[in-house]
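Colleague: The file below is query-v5.pdb, PDB, C-alpha atoms:
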```
ATOM      1  CA  MET A   1      27.028 -11.610  -8.761  1.00  0.00           C
ATOM      2  CA  THR A   2      26.664 -14.503 -11.180  1.00  0.00           C
ATOM      3  CA  ASP A   3      25.215 -17.938 -10.575  1.00  0.00           C
ATOM      4  CA  THR A   4      28.755 -19.310 -10.271  1.00  0.00           C
ATOM      5  CA  ASP A   5      29.245 -17.198  -7.119  1.00  0.00           C
ATOM      6  CA  PHE A   6      26.711 -19.092  -4.979  1.00  0.00           C
ATOM      7  CA  ASP A   7      25.105 -22.505  -4.391  1.00  0.00           C
ATOM      8  CA  ILE A   8      21.435 -23.414  -4.128  1.00  0.00           C
ATOM      9  CA  THR A   9      20.697 -26.215  -1.650  1.00  0.00           C
ATOM     10  CA  LEU A  10      17.436 -28.052  -1.001  1.00  0.00           C
ATOM     11  CA  THR A  11      17.083 -29.412   2.532  1.00  0.00           C
ATOM     12  CA  ASP A  12      14.514 -30.739   4.955  1.00  0.00           C
ATOM     13  CA  ALA A  13      16.764 -29.719   7.854  1.00  0.00           C
ATOM     14  CA  PRO A  14      17.311 -25.961   7.543  1.00  0.00           C
ATOM     15  CA  PRO A  15      19.519 -24.130  10.039  1.00  0.00           C
ATOM     16  CA  ALA A  16      17.666 -22.976  13.163  1.00  0.00           C
ATOM     17  CA  ASP A  17      18.248 -19.311  12.352  1.00  0.00           C
ATOM     18  CA  MET A  18      17.197 -19.471   8.671  1.00  0.00           C
ATOM     19  CA  SER A  19      13.607 -18.283   9.215  1.00  0.00           C
ATOM     20  CA  ASP A  20      14.813 -15.336  11.310  1.00  0.00           C
ATOM     21  CA  GLU A  21      17.463 -14.396   8.755  1.00  0.00           C
ATOM     22  CA  LEU A  22      14.995 -14.495   5.859  1.00  0.00           C
ATOM     23  CA  GLY A  23      12.542 -12.477   7.948  1.00  0.00           C
ATOM     24  CA  LYS A  24      15.154  -9.778   8.561  1.00  0.00           C
ATOM     25  CA  GLY A  25      15.791  -9.477   4.842  1.00  0.00           C
ATOM     26  CA  LEU A  26      12.076  -9.327   4.014  1.00  0.00           C
ATOM     27  CA  ARG A  27      11.389  -6.733   6.729  1.00  0.00           C
ATOM     28  CA  ALA A  28      14.223  -4.520   5.483  1.00  0.00           C
ATOM     29  CA  PHE A  29      12.982  -4.818   1.896  1.00  0.00           C
ATOM     30  CA  ASN A  30       9.363  -4.081   2.893  1.00  0.00           C
ATOM     31  CA  ILE A  31      10.317  -1.093   5.029  1.00  0.00           C
ATOM     32  CA  GLU A  32      12.313   0.379   2.155  1.00  0.00           C
ATOM     33  CA  LEU A  33       9.450  -0.235  -0.269  1.00  0.00           C
ATOM     34  CA  LEU A  34       6.412   0.494   1.939  1.00  0.00           C
ATOM     35  CA  GLY A  35       7.588   2.502   4.940  1.00  0.00           C
ATOM     36  CA  PRO A  36       7.565   1.606   8.622  1.00  0.00           C
ATOM     37  CA  ILE A  37       5.810  -1.606   9.625  1.00  0.00           C
ATOM     38  CA  ASP A  38       4.866  -0.366  13.106  1.00  0.00           C
ATOM     39  CA  GLY A  39       4.626  -4.022  14.020  1.00  0.00           C
ATOM     40  CA  ALA A  40       3.962  -5.497  17.426  1.00  0.00           C
ATOM     41  CA  PRO A  41       2.688  -8.810  18.789  1.00  0.00           C
ATOM     42  CA  LEU A  42      -0.836  -8.957  20.175  1.00  0.00           C
ATOM     43  CA  ALA A  43      -1.898 -11.807  22.465  1.00  0.00           C
ATOM     44  CA  ILE A  44      -4.911 -12.493  24.654  1.00  0.00           C
ATOM     45  CA  MET A  45      -4.716 -15.482  26.984  1.00  0.00           C
ATOM     46  CA  ILE A  46      -7.380 -17.658  28.566  1.00  0.00           C
ATOM     47  CA  ARG A  47      -5.878 -19.133  31.732  1.00  0.00           C
ATOM     48  CA  SER A  48      -7.246 -21.473  34.362  1.00  0.00           C
ATOM     49  CA  LYS A  49      -7.291 -20.283  37.967  1.00  0.00           C
ATOM     50  CA  ASP A  50      -3.973 -22.118  38.508  1.00  0.00           C
ATOM     51  CA  GLY A  51      -2.383 -20.207  35.603  1.00  0.00           C
ATOM     52  CA  THR A  52      -2.447 -22.955  32.979  1.00  0.00           C
ATOM     53  CA  LEU A  53      -2.842 -21.599  29.449  1.00  0.00           C
ATOM     54  CA  LEU A  54      -6.100 -22.998  28.058  1.00  0.00           C
ATOM     55  CA  GLY A  55      -6.505 -21.024  24.861  1.00  0.00           C
ATOM     56  CA  GLY A  56      -6.471 -17.553  23.425  1.00  0.00           C
ATOM     57  CA  LEU A  57      -5.660 -15.366  20.476  1.00  0.00           C
ATOM     58  CA  TYR A  58      -2.182 -14.728  19.091  1.00  0.00           C
ATOM     59  CA  GLY A  59      -1.418 -12.299  16.310  1.00  0.00           C
ATOM     60  CA  ARG A  60       0.355  -9.127  15.386  1.00  0.00           C
ATOM     61  CA  THR A  61      -0.275  -5.684  14.039  1.00  0.00           C
ATOM     62  CA  GLY A  62       1.678  -4.142  11.207  1.00  0.00           C
ATOM     63  CA  PHE A  63       1.116  -1.932   8.193  1.00  0.00           C
ATOM     64  CA  ARG A  64      -2.070  -0.767   9.960  1.00  0.00           C
ATOM     65  CA  ARG A  65      -3.687  -4.216   9.982  1.00  0.00           C
ATOM     66  CA  LEU A  66      -4.221  -6.876  12.628  1.00  0.00           C
ATOM     67  CA  PHE A  67      -3.288 -10.394  11.549  1.00  0.00           C
ATOM     68  CA  VAL A  68      -4.927 -13.047  13.723  1.00  0.00           C
ATOM     69  CA  GLU A  69      -2.438 -15.882  13.416  1.00  0.00           C
ATOM     70  CA  LYS A  70      -4.020 -18.282  15.923  1.00  0.00           C
ATOM     71  CA  LEU A  71      -7.312 -18.346  17.795  1.00  0.00           C
ATOM     72  CA  PHE A  72      -7.982 -21.415  19.931  1.00  0.00           C
ATOM     73  CA  ILE A  73     -10.821 -22.073  22.336  1.00  0.00           C
ATOM     74  CA  PRO A  74     -10.706 -25.471  24.067  1.00  0.00           C
ATOM     75  CA  GLU A  75     -13.713 -27.647  23.333  1.00  0.00           C
ATOM     76  CA  SER A  76     -14.871 -27.460  26.964  1.00  0.00           C
ATOM     77  CA  LEU A  77     -15.213 -23.654  26.661  1.00  0.00           C
ATOM     78  CA  ARG A  78     -16.769 -23.435  23.203  1.00  0.00           C
ATOM     79  CA  GLY A  79     -20.294 -22.150  22.692  1.00  0.00           C
ATOM     80  CA  GLN A  80     -19.930 -19.395  25.304  1.00  0.00           C
ATOM     81  CA  GLY A  81     -19.012 -16.569  22.938  1.00  0.00           C
ATOM     82  CA  LEU A  82     -15.329 -16.561  23.914  1.00  0.00           C
ATOM     83  CA  GLY A  83     -14.129 -16.496  20.302  1.00  0.00           C
ATOM     84  CA  SER A  84     -16.167 -13.368  19.651  1.00  0.00           C
ATOM     85  CA  LYS A  85     -14.994 -11.827  22.911  1.00  0.00           C
ATOM     86  CA  LEU A  86     -11.329 -12.407  22.007  1.00  0.00           C
ATOM     87  CA  LEU A  87     -11.831 -10.999  18.505  1.00  0.00           C
ATOM     88  CA  LEU A  88     -13.526  -7.874  19.844  1.00  0.00           C
ATOM     89  CA  GLN A  89     -10.779  -7.331  22.414  1.00  0.00           C
ATOM     90  CA  ALA A  90      -8.047  -7.818  19.780  1.00  0.00           C
ATOM     91  CA  GLU A  91      -9.833  -5.471  17.370  1.00  0.00           C
ATOM     92  CA  ALA A  92     -10.177  -2.802  20.070  1.00  0.00           C
ATOM     93  CA  GLU A  93      -6.445  -2.976  20.737  1.00  0.00           C
ATOM     94  CA  ALA A  94      -5.720  -2.909  16.996  1.00  0.00           C
ATOM     95  CA  LYS A  95      -7.801   0.260  16.659  1.00  0.00           C
ATOM     96  CA  CYS A  96      -5.765   1.811  19.500  1.00  0.00           C
ATOM     97  CA  ARG A  97      -2.712   0.937  17.413  1.00  0.00           C
ATOM     98  CA  ASN A  98      -4.233   2.876  14.506  1.00  0.00           C
ATOM     99  CA  CYS A  99      -5.135  -0.215  12.474  1.00  0.00           C
ATOM    100  CA  LEU A 100      -7.699  -0.004   9.683  1.00  0.00           C
ATOM    101  CA  GLY A 101      -8.802  -3.633   9.754  1.00  0.00           C
ATOM    102  CA  ALA A 102      -7.936  -7.260  10.400  1.00  0.00           C
ATOM    103  CA  TRP A 103      -7.384 -10.461   8.483  1.00  0.00           C
ATOM    104  CA  LEU A 104      -6.980 -14.168   9.189  1.00  0.00           C
ATOM    105  CA  GLU A 105      -7.191 -17.598   7.663  1.00  0.00           C
ATOM    106  CA  THR A 106      -8.950 -20.765   8.760  1.00  0.00           C
ATOM    107  CA  LEU A 107      -9.456 -24.362   7.698  1.00  0.00           C
ATOM    108  CA  SER A 108     -12.606 -24.734   9.793  1.00  0.00           C
ATOM    109  CA  ALA A 109     -16.071 -24.083   8.372  1.00  0.00           C
ATOM    110  CA  ASP A 110     -17.312 -23.688  11.977  1.00  0.00           C
ATOM    111  CA  ALA A 111     -14.678 -21.033  12.704  1.00  0.00           C
ATOM    112  CA  ARG A 112     -15.513 -19.338   9.408  1.00  0.00           C
ATOM    113  CA  ARG A 113     -19.098 -18.901  10.608  1.00  0.00           C
ATOM    114  CA  VAL A 114     -17.882 -17.367  13.899  1.00  0.00           C
ATOM    115  CA  TYR A 115     -15.700 -14.914  11.996  1.00  0.00           C
ATOM    116  CA  GLU A 116     -18.508 -14.031   9.600  1.00  0.00           C
ATOM    117  CA  ARG A 117     -20.875 -13.386  12.538  1.00  0.00           C
ATOM    118  CA  ASN A 118     -18.227 -10.919  13.731  1.00  0.00           C
ATOM    119  CA  GLY A 119     -18.164  -8.979  10.464  1.00  0.00           C
ATOM    120  CA  TYR A 120     -15.374 -10.800   8.600  1.00  0.00           C
ATOM    121  CA  ARG A 121     -15.844 -11.542   4.891  1.00  0.00           C
ATOM    122  CA  VAL A 122     -14.143 -14.181   2.750  1.00  0.00           C
ATOM    123  CA  PHE A 123     -11.746 -12.604   0.267  1.00  0.00           C
ATOM    124  CA  GLY A 124     -10.135 -15.790  -0.960  1.00  0.00           C
ATOM    125  CA  GLU A 125     -10.041 -19.529  -0.643  1.00  0.00           C
ATOM    126  CA  ILE A 126      -7.984 -22.515  -1.701  1.00  0.00           C
ATOM    127  CA  PRO A 127     -10.262 -25.477  -2.446  1.00  0.00           C
ATOM    128  CA  ASP A 128      -9.088 -28.978  -1.571  1.00  0.00           C
ATOM    129  CA  TYR A 129      -6.326 -27.683   0.737  1.00  0.00           C
ATOM    130  CA  PRO A 130      -5.741 -29.807   2.614  1.00  0.00           C
ATOM    131  CA  PRO A 131      -7.380 -32.519   0.497  1.00  0.00           C
ATOM    132  CA  GLY A 132     -11.098 -32.711   1.181  1.00  0.00           C
ATOM    133  CA  ASN A 133     -11.162 -29.295   2.856  1.00  0.00           C
ATOM    134  CA  THR A 134     -10.952 -25.590   1.983  1.00  0.00           C
ATOM    135  CA  ARG A 135      -8.667 -22.901   3.400  1.00  0.00           C
ATOM    136  CA  PHE A 136     -10.509 -19.596   3.800  1.00  0.00           C
ATOM    137  CA  PHE A 137      -8.996 -16.105   3.985  1.00  0.00           C
ATOM    138  CA  LEU A 138     -11.164 -13.493   5.716  1.00  0.00           C
ATOM    139  CA  SER A 139     -10.855  -9.783   6.413  1.00  0.00           C
ATOM    140  CA  LYS A 140     -12.701  -7.023   8.190  1.00  0.00           C
ATOM    141  CA  ASN A 141     -12.400  -3.262   7.910  1.00  0.00           C
ATOM    142  CA  PHE A 142     -12.855  -1.174  11.035  1.00  0.00           C
TER
END
```
Here is a file; write its structure as C-alpha coordinates.

Modeller:
Amino acid sequence: MTDTDFDITLTDAPPADMSDELGKGLRAFNIELLGPIDGAPLAIMIRSKDGTLLGGLYGRTGFRRLFVEKLFIPESLRGQGLGSKLLLQAEAEAKCRNCLGAWLETLSADARRVYERNGYRVFGEIPDYPPGNTRFFLSKNF
(Lines of atoms letter the chains of each structure in order from A and count residues from 1; the text may use other names and numbers.)
(Lines give C-alpha, C1' and ligand atoms only; values in the text may rest on other atoms or scores of the structure.)
Protein backbone atom coordinates (compact mmCIF):
# COMPACT_ATOMS: atom_id res chain seq x y z
CA MET A 1 0.00 0.00 0.00
CA THR A 2 1.34 3.43 -0.88
CA ASP A 3 0.46 6.78 0.63
CA THR A 4 -1.79 7.47 -2.37
CA ASP A 5 -4.04 4.57 -1.27
CA PHE A 6 -5.27 6.23 1.95
CA ASP A 7 -6.06 9.59 3.58
CA ILE A 8 -4.90 10.96 6.92
CA THR A 9 -7.49 13.12 8.70
CA LEU A 10 -7.12 15.21 11.85
CA THR A 11 -10.35 15.67 13.81
CA ASP A 12 -11.63 16.72 17.20
CA ALA A 13 -14.78 14.66 16.61
CA PRO A 14 -13.64 11.07 16.05
CA PRO A 15 -16.19 8.34 15.32
CA ALA A 16 -17.65 6.73 18.45
CA ASP A 17 -16.14 3.35 17.62
CA MET A 18 -12.61 4.60 16.79
CA SER A 19 -11.11 3.89 20.23
CA ASP A 20 -12.54 0.35 20.21
CA GLU A 21 -11.29 -0.31 16.68
CA LEU A 22 -7.78 0.91 17.48
CA GLY A 23 -7.83 -1.17 20.66
CA LYS A 24 -8.72 -4.31 18.70
CA GLY A 25 -5.78 -3.75 16.38
CA LEU A 26 -3.37 -3.10 19.26
CA ARG A 27 -4.58 -6.16 21.20
CA ALA A 28 -4.15 -8.40 18.15
CA PHE A 29 -0.65 -7.01 17.53
CA ASN A 30 0.35 -7.40 21.20
CA ILE A 31 -0.99 -10.95 21.43
CA GLU A 32 0.97 -11.93 18.33
CA LEU A 33 4.12 -10.28 19.69
CA LEU A 34 3.84 -11.07 23.43
CA GLY A 35 1.38 -13.93 23.85
CA PRO A 36 -1.98 -14.01 25.60
CA ILE A 37 -2.99 -10.92 27.57
CA ASP A 38 -5.13 -12.85 30.07
CA GLY A 39 -6.88 -9.55 30.66
CA ALA A 40 -9.89 -8.91 32.83
CA PRO A 41 -11.46 -5.89 34.54
CA LEU A 42 -11.09 -5.56 38.30
CA ALA A 43 -13.39 -3.25 40.27
CA ILE A 44 -14.08 -2.69 43.95
CA MET A 45 -17.02 -0.45 44.84
CA ILE A 46 -17.81 1.64 47.90
CA ARG A 47 -21.59 2.00 48.05
CA SER A 48 -23.89 3.78 50.46
CA LYS A 49 -26.55 1.74 52.24
CA ASP A 50 -29.04 2.84 49.54
CA GLY A 51 -26.74 1.50 46.80
CA THR A 52 -25.32 4.80 45.56
CA LEU A 53 -21.76 4.47 44.26
CA LEU A 54 -19.54 6.66 46.44
CA GLY A 55 -16.08 5.65 45.31
CA GLY A 56 -13.85 2.70 44.66
CA LEU A 57 -11.08 1.24 42.58
CA TYR A 58 -11.29 0.44 38.87
CA GLY A 59 -8.56 -1.29 36.92
CA ARG A 60 -7.64 -4.36 34.98
CA THR A 61 -5.19 -7.21 34.95
CA GLY A 62 -3.23 -8.26 31.91
CA PHE A 63 0.22 -9.52 31.01
CA ARG A 64 0.51 -10.59 34.68
CA ARG A 65 0.19 -7.05 36.05
CA LEU A 66 -2.59 -5.10 37.73
CA PHE A 67 -3.14 -1.61 36.34
CA VAL A 68 -5.03 0.62 38.77
CA GLU A 69 -6.73 3.02 36.39
CA LYS A 70 -8.85 4.92 38.93
CA LEU A 71 -8.97 5.02 42.71
CA PHE A 72 -11.38 7.51 44.26
CA ILE A 73 -12.33 7.97 47.89
CA PRO A 74 -14.85 10.75 48.55
CA GLU A 75 -13.53 13.48 50.82
CA SER A 76 -16.01 12.56 53.56
CA LEU A 77 -14.47 9.06 53.78
CA ARG A 78 -10.79 9.97 53.51
CA GLY A 79 -8.40 9.42 56.40
CA GLN A 80 -9.94 6.07 57.36
CA GLY A 81 -7.52 3.83 55.48
CA LEU A 82 -9.99 3.00 52.70
CA GLY A 83 -7.47 3.67 49.93
CA SER A 84 -5.08 1.17 51.47
CA LYS A 85 -7.89 -1.31 52.01
CA LEU A 86 -8.95 -1.10 48.35
CA LEU A 87 -5.35 -1.47 47.15
CA LEU A 88 -4.79 -4.53 49.33
CA GLN A 89 -8.03 -6.13 48.14
CA ALA A 90 -7.18 -5.42 44.48
CA GLU A 91 -3.65 -6.77 44.95
CA ALA A 92 -4.97 -9.95 46.57
CA GLU A 93 -7.26 -10.54 43.60
CA ALA A 94 -4.42 -9.76 41.19
CA LYS A 95 -2.26 -12.38 42.92
CA CYS A 96 -5.10 -14.90 42.50
CA ARG A 97 -4.97 -14.01 38.81
CA ASN A 98 -1.27 -14.88 38.80
CA CYS A 99 -0.07 -11.28 38.58
CA LEU A 100 3.50 -10.37 39.51
CA GLY A 101 2.85 -6.75 40.45
CA ALA A 102 0.84 -3.59 39.94
CA TRP A 103 1.26 -0.13 38.49
CA LEU A 104 -0.62 3.17 38.40
CA GLU A 105 -0.26 6.86 37.81
CA THR A 106 -1.34 9.88 39.82
CA LEU A 107 -1.29 13.66 39.70
CA SER A 108 -1.75 13.97 43.46
CA ALA A 109 1.20 14.25 45.85
CA ASP A 110 -1.16 13.15 48.66
CA ALA A 111 -2.17 10.02 46.73
CA ARG A 112 1.49 9.37 45.93
CA ARG A 113 2.21 9.21 49.66
CA VAL A 114 -0.65 6.72 50.18
CA TYR A 115 0.71 4.52 47.40
CA GLU A 116 4.25 4.72 48.75
CA ARG A 117 3.03 3.73 52.23
CA ASN A 118 1.57 0.66 50.51
CA GLY A 119 4.87 -0.37 48.94
CA TYR A 120 4.65 1.40 45.57
CA ARG A 121 7.76 3.13 44.21
CA VAL A 122 8.02 5.93 41.65
CA PHE A 123 9.50 4.68 38.39
CA GLY A 124 8.86 7.78 36.34
CA GLU A 125 7.44 11.26 36.34
CA ILE A 126 6.52 14.06 33.98
CA PRO A 127 7.29 17.43 35.58
CA ASP A 128 4.99 20.37 34.90
CA TYR A 129 2.19 18.11 33.59
CA PRO A 130 -0.29 19.57 33.93
CA PRO A 131 1.43 22.95 34.32
CA GLY A 132 2.46 23.54 37.91
CA ASN A 133 2.09 19.86 38.82
CA THR A 134 3.84 16.52 38.29
CA ARG A 135 2.42 13.24 36.99
CA PHE A 136 3.89 10.26 38.86
CA PHE A 137 4.09 6.65 37.68
CA LEU A 138 4.38 4.05 40.45
CA SER A 139 4.76 0.29 40.57
CA LYS A 140 4.91 -2.51 43.08
CA ASN A 141 6.13 -6.08 42.75
CA PHE A 142 4.33 -8.79 44.67

Colleague: Written as a list in words, what is the full residue list that the PyMOL selection byres ((chain A and resi 136) around 8) yields on the file shown?

Modeller: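 Taken on the displayed file, the PyMOL selection byres ((chain A and resi 136) around 8) yields the residues Glu105, Thr106, Leu107, Arg112, Val122, Phe123, Gly124, Glu125, Ile126, Thr134, Arg135, Phe137 and Leu138 of chain A.
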
Colleague: Could you dump the residues just selected with C-alpha atoms as a PDB file, in the frame of the given file?

Modeller:
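As a result, selection38.pdb now contains:
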```pdb
ATOM      1  CA  GLU A 105      -7.191 -17.598   7.663  1.00  0.00           C
ATOM      2  CA  THR A 106      -8.950 -20.765   8.760  1.00  0.00           C
ATOM      3  CA  LEU A 107      -9.456 -24.362   7.698  1.00  0.00           C
ATOM      4  CA  ARG A 112     -15.513 -19.338   9.408  1.00  0.00           C
ATOM      5  CA  VAL A 122     -14.143 -14.181   2.750  1.00  0.00           C
ATOM      6  CA  PHE A 123     -11.746 -12.604   0.267  1.00  0.00           C
ATOM      7  CA  GLY A 124     -10.135 -15.790  -0.960  1.00  0.00           C
ATOM      8  CA  GLU A 125     -10.041 -19.529  -0.643  1.00  0.00           C
ATOM      9  CA  ILE A 126      -7.984 -22.515  -1.701  1.00  0.00           C
ATOM     10  CA  THR A 134     -10.952 -25.590   1.983  1.00  0.00           C
ATOM     11  CA  ARG A 135      -8.667 -22.901   3.400  1.00  0.00           C
ATOM     12  CA  PHE A 137      -8.996 -16.105   3.985  1.00  0.00           C
ATOM     13  CA  LEU A 138     -11.164 -13.493   5.716  1.00  0.00           C
TER      14      LEU A 138
END
```

Colleague: List the neighbours of Lys70 of chain A out to 8 Å using all atoms listed in the file; skip same-chain residues closer than 3 positions along the sequence, and give me the result as an mmCIF file with C-alpha atoms, in the frame of the given file.

Modeller:
```cif
data_model
loop_
_atom_site.group_PDB
_atom_site.id
_atom_site.type_symbol
_atom_site.label_atom_id
_atom_site.label_comp_id
_atom_site.auth_asym_id
_atom_site.auth_seq_id
_atom_site.Cartn_x
_atom_site.Cartn_y
_atom_site.Cartn_z
ATOM 1 C CA GLY A 56 -6.471 -17.553 23.425
ATOM 2 C CA LEU A 57 -5.660 -15.366 20.476
ATOM 3 C CA TYR A 58 -2.182 -14.728 19.091
ATOM 4 C CA GLY A 59 -1.418 -12.299 16.310
#
```

Colleague: Residues within 12 Å of Trp103 of chain A, please, as a short mmCIF file (atom, residue, chain, number, x, y, z; two decimals) with C-alpha atoms, keeping the file's coordinate frame. Count only C-alpha atoms; anything in the same chain fewer than 2 positions from it doesn't count.

Modeller:
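The resulting file, part_38.cif, is shown below:
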```
data_model
loop_
_atom_site.label_atom_id
_atom_site.label_comp_id
_atom_site.auth_asym_id
_atom_site.auth_seq_id
_atom_site.Cartn_x
_atom_site.Cartn_y
_atom_site.Cartn_z
CA GLY A 59 -1.42 -12.30 16.31
CA ARG A 60 0.36 -9.13 15.39
CA THR A 61 -0.28 -5.68 14.04
CA GLY A 62 1.68 -4.14 11.21
CA ARG A 64 -2.07 -0.77 9.96
CA ARG A 65 -3.69 -4.22 9.98
CA LEU A 66 -4.22 -6.88 12.63
CA PHE A 67 -3.29 -10.39 11.55
CA VAL A 68 -4.93 -13.05 13.72
CA GLU A 69 -2.44 -15.88 13.42
CA LYS A 70 -4.02 -18.28 15.92
CA LEU A 87 -11.83 -11.00 18.50
CA ALA A 90 -8.05 -7.82 19.78
CA GLU A 91 -9.83 -5.47 17.37
CA ALA A 94 -5.72 -2.91 17.00
CA CYS A 99 -5.14 -0.22 12.47
CA LEU A 100 -7.70 0.00 9.68
CA GLY A 101 -8.80 -3.63 9.75
CA GLU A 105 -7.19 -17.60 7.66
CA THR A 106 -8.95 -20.76 8.76
CA TYR A 115 -15.70 -14.91 12.00
CA GLU A 116 -18.51 -14.03 9.60
CA GLY A 119 -18.16 -8.98 10.46
CA TYR A 120 -15.37 -10.80 8.60
CA ARG A 121 -15.84 -11.54 4.89
CA VAL A 122 -14.14 -14.18 2.75
CA PHE A 123 -11.75 -12.60 0.27
CA GLY A 124 -10.14 -15.79 -0.96
CA PHE A 136 -10.51 -19.60 3.80
CA PHE A 137 -9.00 -16.10 3.98
CA LEU A 138 -11.16 -13.49 5.72
CA SER A 139 -10.86 -9.78 6.41
CA LYS A 140 -12.70 -7.02 8.19
CA ASN A 141 -12.40 -3.26 7.91
CA PHE A 142 -12.86 -1.17 11.04
#
```

Colleague: Enter the distance from atom CA of Thr4 of chain A to atom CA of Ala16 of chain A, in Å, rounded to one decimal.

Modeller: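 The value is 26.2 Å.
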
Colleague: How many Å separate atom CA of Ser76 of chain A from atom CA of Met45 of chain A?

Modeller: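 Atom CA of Ser76 of chain A sits 15.7 Å away from atom CA of Met45 of chain A.
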
Colleague: Rank A:Glu75, A:Glu93, A:Asp110, A:Asp7 by their smallest atom-to-atom distance to Ile44 of chain A, using all atoms listed in the file, and report the top residue only.

Modeller: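 The closest residue to Ile44 of chain A is A:Glu93.
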
Colleague: Kindly indicate which residue among A:Leu22, A:Ala111, A:Ala28, A:Pro41 lies nearest to Gly79 of chain A, using only C-alpha atoms for the distances.

Modeller: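 For Gly79 of chain A, the nearest of the given residues is A:Ala111.
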
Colleague: How many Å separate atom CA of Pro14 of chain A from atom CA of Phe29 of chain A?

Modeller: 22.3 Å
